[in-house]
Amino acid sequence: RNPYQPSEINVDLDRADRRPYAKAADYRLTTGFTGFSSRSLASGLDAVFKTSAADLQCGSSGRCGCCGMPVKYDVVALGNAIMDVIAQVDDDFLVKHDIPKARTNLISPERCDYLYNALPDSRVETSGGSAGNTVAGLRSLGASAAFLGKVADDTIGSAYVEDMRRIGADFFGTPLKGGPSTARSMIAVTPDGERSMNTYLGASTEFAASDVDV
């Protein structure tokens, strides 16, 4: 079921020690595509949003209910800009290339290049990363969004930025020159549906305050 569906979010409105919460939709809240349960989402609301709907009208009025400043985006995401490389393989492939199954492994640039060349030609490359995927999902639902992250000044980095702009999301982060290449994740998917991810974080770890245009 859709984790964004407000009807699935059971928020405690009866506690006498705080004011009622607005619906999650009023906050333009996102949980990403991590499969948060209604209970865990409600717990997050319980800890964070101890205010009334009238106090938070950023999305509907265009100004922050807390400070009155103009609000340009419903959501701004900060995360690793990672290009996913996805391929269908069998378990023998994992054994041959020493890939631990069903887990995420951080790898070196040399290991990244090795696995990229080892994956079958049917591999698919698509912009990803948790924050990037969340932005894409929100844009598909009509929310305005921006992504803060770091790519390298290379072909993969340019493709990532273009993917963001194509879906209507603004990208902030000056491409890195003379450093690590853009982050990539080699994702081997076996017939049982398990994903074995091998991620080189590369330029994504070089994001700095200077990349934010304030």
# chains A, B, ... in the order shown; residues from 1 in each chain; ligands from 1
>>> residues_around(residues="A:Leu176", least_positions_apart="5", cutoff="9 Å", atoms="only C-alpha atoms", output="PyMOL selection string")
chain A and resi 150-154+181-182+203+206-207
>>> residues_around(residues="stretch 165-175 of chain A", least_positions_apart="5", cutoff="12 Å", atoms="only C-alpha atoms", output="PyMOL selection string")
chain A and resi 72-81+127+131-160+180-182+203-214
>>> select_by_dssp(residues="stretch 99-188 of chain A", states="strand (DSSP E)", output="list in words")
Thr104, Asn105, Leu106, Val124, Glu125, Thr126, Ser127, Gly128, Ala145, Ala146, Phe147, Leu148, Asp170, Phe171, Phe172, Ala183, Arg184, Ser185, Met186, Ile187 and Ala188 of chain A
>>> atom_distance(atom1="atom CA of A:Pro120", atom2="atom CA of A:Ala183")
19.8 Å
>>> residues_around(residues="stretch 105-112 of chain A", least_positions_apart="5", cutoff="7 Å", atoms="only C-alpha atoms", output="PyMOL selection string")
chain A and resi 197-200
>>> write_last_selection(atoms="all heavy atoms", output="mmCIF file, in the first residue's frame")
data_model
loop_
_atom_site.group_PDB
_atom_site.id
_atom_site.type_symbol
_atom_site.label_atom_id
_atom_site.label_comp_id
_atom_site.auth_asym_id
_atom_site.auth_seq_id
_atom_site.Cartn_x
_atom_site.Cartn_y
_atom_site.Cartn_z
ATOM 1 N N MET A 197 24.139 -4.821 -3.114
ATOM 2 C CA MET A 197 24.571 -3.499 -3.548
ATOM 3 C C MET A 197 26.027 -3.235 -3.187
ATOM 4 O O MET A 197 26.451 -3.474 -2.057
ATOM 5 C CB MET A 197 23.660 -2.433 -2.939
ATOM 6 C CG MET A 197 22.234 -2.543 -3.445
ATOM 7 S SD MET A 197 21.117 -1.290 -2.791
ATOM 8 C CE MET A 197 20.780 -1.973 -1.174
ATOM 9 N N ASN A 198 26.755 -2.723 -4.147
ATOM 10 C CA ASN A 198 28.176 -2.436 -3.987
ATOM 11 C C ASN A 198 28.379 -0.976 -4.366
ATOM 12 O O ASN A 198 28.357 -0.631 -5.549
ATOM 13 C CB ASN A 198 29.001 -3.361 -4.874
ATOM 14 C CG ASN A 198 28.679 -4.824 -4.617
ATOM 15 O OD1 ASN A 198 29.279 -5.460 -3.775
ATOM 16 N ND2 ASN A 198 27.704 -5.356 -5.353
ATOM 17 N N THR A 199 28.563 -0.144 -3.358
ATOM 18 C CA THR A 199 28.487 1.295 -3.562
ATOM 19 C C THR A 199 29.812 2.003 -3.351
ATOM 20 O O THR A 199 30.471 1.840 -2.317
ATOM 21 C CB THR A 199 27.443 1.907 -2.606
ATOM 22 O OG1 THR A 199 26.179 1.268 -2.823
ATOM 23 C CG2 THR A 199 27.292 3.399 -2.850
ATOM 24 N N TYR A 200 30.171 2.780 -4.345
ATOM 25 C CA TYR A 200 31.333 3.673 -4.262
ATOM 26 C C TYR A 200 30.784 5.086 -4.083
ATOM 27 O O TYR A 200 30.110 5.609 -4.964
ATOM 28 C CB TYR A 200 32.172 3.573 -5.540
ATOM 29 C CG TYR A 200 33.188 4.683 -5.693
ATOM 30 C CD1 TYR A 200 34.177 4.877 -4.725
ATOM 31 C CD2 TYR A 200 33.159 5.523 -6.806
ATOM 32 C CE1 TYR A 200 35.105 5.901 -4.862
ATOM 33 C CE2 TYR A 200 34.096 6.540 -6.952
ATOM 34 C CZ TYR A 200 35.058 6.721 -5.970
ATOM 35 O OH TYR A 200 35.980 7.731 -6.103
#
>>> closest_residue(among="A:Asp113, A:Glu194, A:Glu162, A:Glu125", to="A:Asp90", atoms="only C-alpha atoms")
A:Glu194
>>> closest_residue(among="A:Leu115, A:Val71, A:Val89, A:Ala102", to="A:Met186", atoms="only C-alpha atoms")
A:Leu115
>>> residues_around(residues="A:Ile99", least_positions_apart="3", cutoff="8 Å", atoms="only C-alpha atoms", output="list in words")
Leu94, Val95, Lys96, Ser196 and Asn198 of chain A
>>> write_last_selection(atoms="N, CA, C and O atoms", output="short mmCIF file (atom, residue, chain, number, x, y, z; two decimals), in the first residue's frame")
data_model
loop_
_atom_site.label_atom_id
_atom_site.label_comp_id
_atom_site.auth_asym_id
_atom_site.auth_seq_id
_atom_site.Cartn_x
_atom_site.Cartn_y
_atom_site.Cartn_z
N LEU A 94 27.59 -13.91 -8.06
CA LEU A 94 27.98 -13.35 -6.76
C LEU A 94 29.20 -14.08 -6.21
O LEU A 94 30.14 -13.45 -5.70
N VAL A 95 29.18 -15.39 -6.31
CA VAL A 95 30.30 -16.19 -5.81
C VAL A 95 31.57 -15.89 -6.60
O VAL A 95 32.65 -15.68 -6.02
N LYS A 96 31.44 -15.86 -7.91
CA LYS A 96 32.61 -15.64 -8.78
C LYS A 96 33.27 -14.30 -8.51
O LYS A 96 34.51 -14.20 -8.53
N SER A 196 22.04 -7.17 -4.05
CA SER A 196 23.37 -7.09 -3.45
C SER A 196 24.03 -5.82 -3.98
O SER A 196 24.39 -5.75 -5.15
N ASN A 198 26.76 -2.72 -4.15
CA ASN A 198 28.18 -2.44 -3.99
C ASN A 198 28.38 -0.98 -4.37
O ASN A 198 28.36 -0.63 -5.55
#
